[in-house]
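This is final.txt. It holds compact mmCIF, C-alpha atoms.
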# COMPACT_ATOMS: atom_id res chain seq x y z
CA MET A 1 20.25 -19.14 -129.63
CA SER A 2 17.61 -21.30 -127.93
CA ASN A 3 20.25 -23.97 -127.18
CA LEU A 4 22.45 -21.34 -125.55
CA MET A 5 19.56 -20.08 -123.43
CA ASN A 6 18.67 -23.62 -122.39
CA GLU A 7 22.28 -24.25 -121.39
CA ILE A 8 22.41 -21.01 -119.37
CA VAL A 9 19.14 -21.87 -117.61
CA THR A 10 20.29 -25.44 -116.89
CA ASN A 11 23.63 -24.27 -115.47
CA GLY A 12 21.92 -21.49 -113.49
CA ILE A 13 19.50 -23.97 -111.90
CA PHE A 14 22.40 -26.24 -111.03
CA VAL A 15 24.27 -23.38 -109.33
CA LEU A 16 21.18 -22.50 -107.28
CA GLU A 17 20.72 -26.13 -106.30
CA CYS A 18 24.36 -26.27 -105.21
CA LEU A 19 24.02 -23.12 -103.10
CA ALA A 20 20.82 -24.43 -101.50
CA LEU A 21 22.46 -27.75 -100.57
CA ILE A 22 25.55 -26.05 -99.16
CA ALA A 23 23.48 -23.52 -97.17
CA GLY A 24 21.25 -26.31 -95.81
CA ILE A 25 24.22 -28.32 -94.56
CA PHE A 26 25.76 -25.25 -92.88
CA ILE A 27 22.46 -24.41 -91.17
CA VAL A 28 22.06 -27.95 -89.80
CA ALA A 29 25.63 -28.02 -88.48
CA ARG A 30 25.34 -24.58 -86.86
CA PHE A 31 21.94 -25.29 -85.27
CA ILE A 32 23.10 -28.54 -83.67
CA GLU A 33 26.37 -27.09 -82.40
CA LYS A 34 24.68 -23.98 -80.95
CA TRP A 35 22.04 -26.18 -79.29
CA GLU A 36 24.70 -28.39 -77.70
CA MET A 37 26.66 -25.36 -76.49
CA LYS A 38 23.51 -23.91 -74.95
CA ARG A 39 22.68 -27.24 -73.31
CA ASN A 40 26.12 -27.32 -71.68
CA GLY A 41 26.02 -23.65 -70.69
CA VAL A 42 28.92 -22.75 -72.98
CA VAL A 43 28.94 -19.11 -74.03
CA GLU A 44 31.38 -18.46 -76.87
CA PRO A 45 31.16 -17.69 -80.58
CA ILE A 46 31.06 -20.55 -83.09
CA PHE A 47 34.12 -19.10 -84.82
CA THR A 48 37.07 -18.05 -82.67
CA THR A 49 40.45 -16.87 -83.96
CA LYS A 50 41.95 -20.26 -83.14
CA LYS A 51 39.19 -22.13 -84.96
CA ILE A 52 39.49 -19.97 -88.06
CA THR A 53 43.26 -20.52 -88.11
CA MET A 54 42.90 -24.29 -87.71
CA ILE A 55 40.14 -24.42 -90.35
CA GLY A 56 42.53 -22.75 -92.79
CA ILE A 57 45.35 -25.19 -91.98
CA PHE A 58 43.21 -28.31 -92.23
CA SER A 59 41.52 -27.02 -95.41
CA ALA A 60 44.90 -26.59 -97.11
CA ILE A 61 45.97 -30.12 -96.11
CA ALA A 62 42.65 -31.55 -97.31
CA ALA A 63 42.87 -29.70 -100.65
CA ILE A 64 46.34 -31.12 -101.26
CA LEU A 65 45.22 -34.66 -100.37
CA MET A 66 42.26 -34.27 -102.73
CA ILE A 67 44.66 -33.98 -105.66
CA PHE A 68 45.96 -37.50 -105.03
CA GLU A 69 43.17 -39.74 -106.33
CA PHE A 70 43.35 -43.49 -106.81
CA PRO A 71 41.27 -45.41 -109.38
CA LEU A 72 39.55 -48.59 -108.27
CA PRO A 73 39.41 -51.73 -110.43
CA PHE A 74 35.67 -52.28 -109.93
CA ALA A 75 34.51 -48.72 -110.75
CA PRO A 76 34.57 -46.49 -113.88
CA GLY A 77 37.24 -43.81 -114.12
CA PHE A 78 35.08 -40.94 -112.83
CA TYR A 79 34.91 -42.64 -109.40
CA LYS A 80 38.19 -42.40 -107.51
CA LEU A 81 39.35 -42.76 -103.94
CA ASP A 82 41.07 -39.98 -101.99
CA PHE A 83 41.81 -39.36 -98.33
CA SER A 84 40.94 -35.67 -98.10
CA GLU A 85 38.26 -36.44 -95.51
CA VAL A 86 40.92 -37.31 -92.90
CA PRO A 87 41.83 -33.68 -92.01
CA VAL A 88 38.13 -32.79 -92.29
CA MET A 89 37.24 -35.42 -89.68
CA ILE A 90 40.10 -34.36 -87.40
CA ALA A 91 38.90 -30.74 -87.52
CA ALA A 92 35.30 -31.82 -86.93
CA PHE A 93 36.22 -33.97 -83.92
CA ALA A 94 38.46 -31.26 -82.45
CA PHE A 95 36.34 -28.16 -83.11
CA GLY A 96 32.80 -29.34 -83.86
CA PRO A 97 30.47 -29.97 -86.85
CA VAL A 98 30.57 -26.39 -88.16
CA ALA A 99 34.37 -26.47 -88.38
CA GLY A 100 34.15 -29.81 -90.20
CA VAL A 101 31.69 -28.48 -92.77
CA MET A 102 33.79 -25.35 -93.22
CA VAL A 103 36.93 -27.40 -93.90
CA GLU A 104 34.97 -29.54 -96.36
CA PHE A 105 33.76 -26.42 -98.18
CA CYS A 106 37.12 -24.61 -98.17
CA LYS A 107 38.80 -27.80 -99.38
CA ILE A 108 36.59 -27.80 -102.48
CA VAL A 109 37.19 -24.09 -103.16
CA LEU A 110 40.97 -24.45 -102.80
CA ASN A 111 41.00 -27.55 -104.98
CA LEU A 112 39.08 -25.70 -107.71
CA LEU A 113 41.64 -22.89 -107.58
CA MET A 114 44.52 -25.35 -107.87
CA ASP A 115 43.09 -27.98 -110.20
CA SER A 116 39.95 -26.46 -111.84
CA THR A 117 37.08 -28.85 -112.68
CA THR A 118 36.68 -31.62 -115.21
CA THR A 119 33.11 -32.55 -114.27
CA ALA A 120 31.20 -29.25 -114.72
CA PHE A 121 31.34 -28.90 -110.89
CA VAL A 122 29.20 -32.03 -110.42
CA GLY A 123 32.19 -33.89 -108.99
CA GLU A 124 32.95 -31.07 -106.56
CA LEU A 125 29.33 -30.91 -105.40
CA ALA A 126 29.34 -34.68 -104.97
CA ASN A 127 32.55 -34.54 -102.95
CA PHE A 128 31.15 -31.85 -100.65
CA CYS A 129 27.71 -33.36 -100.05
CA VAL A 130 28.86 -36.97 -99.78
CA GLY A 131 31.79 -35.90 -97.60
CA CYS A 132 29.42 -34.03 -95.28
CA SER A 133 27.13 -37.06 -95.12
CA TYR A 134 30.04 -38.83 -93.44
CA VAL A 135 31.62 -36.01 -91.41
CA LEU A 136 28.47 -34.29 -90.14
CA PRO A 137 26.72 -37.26 -88.43
CA ALA A 138 30.04 -38.57 -87.10
CA SER A 139 31.01 -35.21 -85.58
CA ILE A 140 27.52 -34.72 -84.11
CA ILE A 141 27.69 -38.08 -82.33
CA TYR A 142 31.18 -37.31 -81.05
CA LEU A 143 30.07 -33.82 -79.96
CA TYR A 144 27.74 -35.28 -77.33
CA ARG A 145 30.30 -37.57 -75.73
CA LYS A 146 33.99 -37.21 -76.50
CA ASN A 147 35.67 -40.54 -75.78
CA ARG A 148 37.17 -43.43 -77.73
CA LYS A 149 33.99 -45.52 -77.72
CA SER A 150 31.95 -42.59 -79.01
CA ALA A 151 34.55 -41.94 -81.73
CA ILE A 152 34.25 -45.56 -82.91
CA VAL A 153 30.45 -45.42 -82.92
CA ALA A 154 30.59 -42.07 -84.74
CA SER A 155 32.93 -43.43 -87.41
CA VAL A 156 30.80 -46.53 -88.01
CA ALA A 157 27.61 -44.47 -88.18
CA GLY A 158 29.27 -41.98 -90.52
CA THR A 159 30.42 -44.76 -92.83
CA LEU A 160 26.93 -46.32 -92.97
CA ILE A 161 25.26 -42.98 -93.70
CA LEU A 162 27.95 -42.15 -96.26
CA THR A 163 27.29 -45.44 -98.06
CA ILE A 164 23.49 -45.11 -98.04
CA PHE A 165 23.32 -41.39 -98.84
CA GLY A 166 26.18 -41.47 -101.34
CA SER A 167 24.59 -44.32 -103.28
CA ALA A 168 21.11 -42.75 -103.32
CA PHE A 169 22.46 -39.27 -104.14
CA ASN A 170 24.40 -40.63 -107.10
CA ALA A 171 21.46 -42.59 -108.47
CA ILE A 172 18.79 -39.94 -108.00
CA TYR A 173 20.65 -36.70 -108.61
CA LEU A 174 24.36 -36.72 -109.48
CA LEU A 175 24.45 -39.18 -112.39
CA PRO A 176 21.36 -37.70 -114.12
CA LYS A 177 22.71 -34.16 -113.56
CA PHE A 178 26.13 -35.09 -114.93
CA ALA A 179 24.51 -36.62 -118.03
CA GLU A 180 22.28 -33.54 -118.44
CA LEU A 181 25.09 -30.98 -118.15
CA TYR A 182 27.32 -32.90 -120.55
CA GLY A 183 24.49 -33.70 -122.95
CA MET A 184 25.15 -37.42 -122.90
CA PRO A 185 22.76 -40.35 -122.40
CA MET A 186 22.77 -42.25 -119.11
CA GLU A 187 23.53 -45.39 -121.10
CA ALA A 188 26.98 -43.94 -121.86
CA LEU A 189 27.78 -43.57 -118.16
CA VAL A 190 26.49 -47.06 -117.45
CA GLY A 191 28.58 -48.34 -120.38
CA MET A 192 31.74 -46.96 -118.74
CA GLY A 193 30.88 -49.07 -115.71
CA THR A 194 30.11 -52.14 -117.81
CA ALA A 195 33.56 -51.85 -119.41
CA VAL A 196 35.26 -52.52 -116.05
CA ASN A 197 32.56 -54.69 -114.48
CA PRO A 198 30.17 -56.74 -116.67
CA ALA A 199 27.75 -57.00 -113.73
CA ILE A 200 26.98 -53.30 -114.18
CA THR A 201 24.07 -53.08 -116.63
CA ASP A 202 22.04 -50.08 -115.41
CA VAL A 203 22.08 -47.22 -112.89
CA THR A 204 21.04 -49.49 -110.01
CA THR A 205 23.86 -51.98 -110.57
CA LEU A 206 26.30 -49.11 -111.18
CA VAL A 207 25.49 -47.75 -107.74
CA LEU A 208 25.38 -51.20 -106.15
CA PHE A 209 28.67 -52.54 -107.53
CA ALA A 210 30.70 -49.32 -107.85
CA VAL A 211 29.44 -46.45 -105.68
CA ALA A 212 28.50 -48.41 -102.54
CA PRO A 213 31.80 -50.38 -102.34
CA LEU A 214 33.76 -47.18 -102.97
CA ASN A 215 31.98 -45.41 -100.11
CA ILE A 216 32.46 -48.36 -97.76
CA ILE A 217 36.19 -48.48 -98.52
CA LYS A 218 36.53 -44.71 -98.18
CA GLY A 219 34.56 -44.47 -94.94
CA THR A 220 36.39 -47.39 -93.34
CA SER A 221 39.89 -46.29 -94.37
CA VAL A 222 39.31 -42.65 -93.39
CA SER A 223 37.89 -43.77 -90.03
CA VAL A 224 40.89 -45.97 -89.25
CA ILE A 225 43.41 -43.29 -90.24
CA THR A 226 41.51 -40.62 -88.29
CA MET A 227 41.41 -42.77 -85.14
CA VAL A 228 45.17 -43.29 -85.29
CA VAL A 229 46.13 -39.71 -86.16
CA TYR A 230 43.54 -37.89 -84.01
CA LYS A 231 44.70 -39.63 -80.82
CA LYS A 232 48.10 -37.94 -81.20
CA LEU A 233 46.91 -34.61 -82.58
CA SER A 234 44.18 -34.18 -79.96
CA LYS A 235 46.85 -34.05 -77.23
CA LEU A 236 48.66 -31.26 -79.07
CA ILE A 237 45.41 -29.37 -79.67
CA LYS A 238 44.36 -29.75 -76.04
CA ALA A 239 47.80 -28.67 -74.81
CA SER A 240 47.65 -25.64 -77.09
CA GLN A 241 44.20 -24.70 -75.74
CA GLU A 242 45.35 -25.10 -72.12
CA GLU A 243 48.46 -23.01 -72.80
CA ARG A 244 46.33 -20.32 -74.40
CA GLY A 245 44.00 -20.33 -71.37
CA SER A 246 46.98 -20.18 -69.00
CA ILE A 247 48.42 -17.14 -70.77
CA GLY A 248 45.01 -15.49 -70.68
CA ASN A 249 44.76 -16.06 -66.92
CA LYS A 250 48.21 -14.57 -66.31
CA LYS A 251 47.18 -11.45 -68.14
CA LEU A 252 44.17 -11.09 -65.89
CA VAL A 253 46.22 -11.30 -62.68
Write the structure described by the file as structure tokens, please.
Amino acid sequence: MSNLMNEIVTNGIFVLECLALIAGIFIVARFIEKWEMKRNGVVEPIFTTKKITMIGIFSAIAAILMIFEFPLPFAPGFYKLDFSEVPVMIAAFAFGPVAGVMVEFCKIVLNLLMDSTTTAFVGELANFCVGCSYVLPASIIYLYRKNRKSAIVASVAGTLILTIFGSAFNAIYLLPKFAELYGMPMEALVGMGTAVNPAITDVTTLVLFAVAPLNIIKGTSVSVITMVVYKKLSKLIKASQEERGSIGNKKLV
């Protein structure tokens, strides 16, 4: 009975921690976007019908891409590469940080509905928080000046923050939490890393030789793909917005 209660308490605390992290990220994104809109004299709601529609579309694409994961030879099996951040970044560049965070969140929810969880939700929390550590700073930088140079700077900054935050978050919180929820020693997780890379002997080397390279590869590849794809999609999005505005003006005449 006491073991059951301990498990309920542990899982309950984890859920509250997840909600707090998610709420904190949303608040930061909304505050910055509202501040920038106010600075530029823009008066419109954060969520418009068009934004909500596009968030839904990009979330569905991201959730599908999240299913296709690729193992890496230098990392244990629970670390895999996917490209679900590409539609998240495109949405964030096109519609702002809040839209990016929303797509990241909806992507996780949709993926859970389609594929459930195999990591007691630790993997999903990691994907959301680490994904936001890349998308949020990149979209904030791009929000202030929307040009190619700014997009490159934003992508590089996002990749650096992703690597630093992702590594620290894994070492300090995610790996210990995963071990706690599954009732397994940290040595077992480290051992899975040692099996594929003998240089991994503890949590620090696991993060250094597996997590950090994974984040660098992910951030770089997602940035390159986003730069190529967004250039074409942004024209369609802009044309759609101009057409919508034109129709609205005709109705007013």
(message) As an exercise, work out the distance from atom CA of A:Lys232 to atom CA of A:Tyr142 in Å and give it to one decimal place.
(response)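 According to the coordinates, atom CA of A:Lys232 and atom CA of A:Tyr142 are separated by 16.9 Å.
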Please tabulate, as JSON lines, the residues of stretch 206-230 of chain A that come within 10 Å of stretch 115-137 of chain A, each with its closest pair of atoms and the distance in Å to one decimal, counting only C-alpha atoms and ordering rows by chain, then residue number upward.
{"residue": "A:Asn215", "atom": "CA", "partner": "A:Val130", "partner_atom": "CA", "distance": 9.0}
{"residue": "A:Lys218", "atom": "CA", "partner": "A:Tyr134", "partner_atom": "CA", "distance": 10.0}
{"residue": "A:Gly219", "atom": "CA", "partner": "A:Tyr134", "partner_atom": "CA", "distance": 7.4}
{"residue": "A:Ser223", "atom": "CA", "partner": "A:Tyr134", "partner_atom": "CA", "distance": 9.9}
(request) Can you pull out every residue within 10 Å of A:Gly77, counting only C-alpha atoms, but drop anything in the same chain fewer than 3 positions away, and send it as a PyMOL selection string? (result) chain A and resi 70-74+80+192-193+196
(request) Could you check which of A:Val190, A:Ile25, A:Ala99, A:Ala154 is closest to A:Thr48, using all atoms listed in the file? (result)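 Between A:Val190, A:Ile25, A:Ala99, A:Ala154, the residue approaching A:Thr48 most closely is A:Ala99.
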(message) So that I can check the surroundings of A:Phe83, please list as a list in words every protein, DNA and RNA residue that reaches within 8 Å of it, counting all atoms listed in the file and ignoring chain neighbours fewer than 4 positions away.
(response) Ala62, Leu65, Met66, Lys218 and Val222 of chain A
Skip A:Ala94 itself and residues of its chain fewer than 6 positions away, then list as an mmCIF file with C-alpha atoms, in the coordinates of the input all residues within 10 Å of it, counting all atoms listed in the file.
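Final file, selection_14.cif:
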data_model
loop_
_atom_site.group_PDB
_atom_site.id
_atom_site.type_symbol
_atom_site.label_atom_id
_atom_site.label_comp_id
_atom_site.auth_asym_id
_atom_site.auth_seq_id
_atom_site.Cartn_x
_atom_site.Cartn_y
_atom_site.Cartn_z
ATOM 1 C CA LYS A 51 39.190 -22.130 -84.960
ATOM 2 C CA MET A 54 42.900 -24.290 -87.710
ATOM 3 C CA VAL A 88 38.130 -32.790 -92.290
ATOM 4 C CA GLY A 100 34.150 -29.810 -90.200
ATOM 5 C CA SER A 139 31.010 -35.210 -85.580
ATOM 6 C CA TYR A 142 31.180 -37.310 -81.050
ATOM 7 C CA LEU A 143 30.070 -33.820 -79.960
ATOM 8 C CA LYS A 146 33.990 -37.210 -76.500
ATOM 9 C CA TYR A 230 43.540 -37.890 -84.010
ATOM 10 C CA LEU A 233 46.910 -34.610 -82.580
ATOM 11 C CA SER A 234 44.180 -34.180 -79.960
ATOM 12 C CA ILE A 237 45.410 -29.370 -79.670
ATOM 13 C CA LYS A 238 44.360 -29.750 -76.040
#
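Proximity of A:Ala188, A:Ile61, A:Val207, A:Ala171 to A:Asn111, computed with all atoms listed in the file, is greatest for A:Ile61.
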(request) Quick one: pull the distance between atom CA of A:Arg30 and atom CA of A:Ala92, Å, one decimal. (result) 12.3 Å
(request) For atom CA of A:Ile46 and atom CA of A:Pro97, determine how far apart the two atoms are, in Å to one decimal place. (result)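 Interatomic distance, atom CA of A:Ile46 to atom CA of A:Pro97: 10.2 Å.
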(message) With distances taken over all atoms listed in the file, which residue among A:Ile172, A:Leu81, A:Ala195, A:Val228 lies nearest A:Pro213?
(response)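 When distances to A:Pro213 are compared using all atoms listed in the file, the smallest one comes from A:Leu81.
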(message) My list of candidates is A:Leu16, A:Ala29, A:Leu189, A:Ile217. Which is closest to A:Asp82 when distances are computed with all atoms listed in the file?
(response)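 Of the candidates, the smallest distance to A:Asp82 is held by A:Ile217.
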(request) Go through A:Arg39, A:Thr226, A:Glu180, A:Met102 one by one, measure the shortest atom-to-atom distance of each to A:Phe14 using all atoms listed in the file, and give the residue with the smallest value. (result) A:Glu180
(message) Considering only C-alpha atoms, can you say which of A:Asn147, A:Thr194, A:Ser155, A:Thr53 comes closest to A:Ser221?
(response)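 Using only C-alpha atoms, the shortest distance to A:Ser221 belongs to A:Ser155.
The environment of A:Lys34 within 10 Å, counting all atoms listed in the file and disregarding residues fewer than 6 places along the same chain, consists of Asn40, Val42, Val43, Glu44, Pro45, Ile46 and Val98 of chain A.
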(message) List as a list of chain:residue names the residues having at least one atom at most 12 Å from position (22.6, -52.4, -112.8) as given in the file, counting all atoms listed in the file.
(response)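 The requested residues, written out, are A:Ala171, A:Met186, A:Glu187, A:Leu189, A:Val190, A:Gly191, A:Gly193, A:Thr194, A:Asn197, A:Pro198, A:Ala199, A:Ile200, A:Thr201, A:Asp202, A:Val203, A:Thr204, A:Thr205, A:Leu206, A:Val207, A:Leu208, A:Phe209, A:Ala210, A:Val211.
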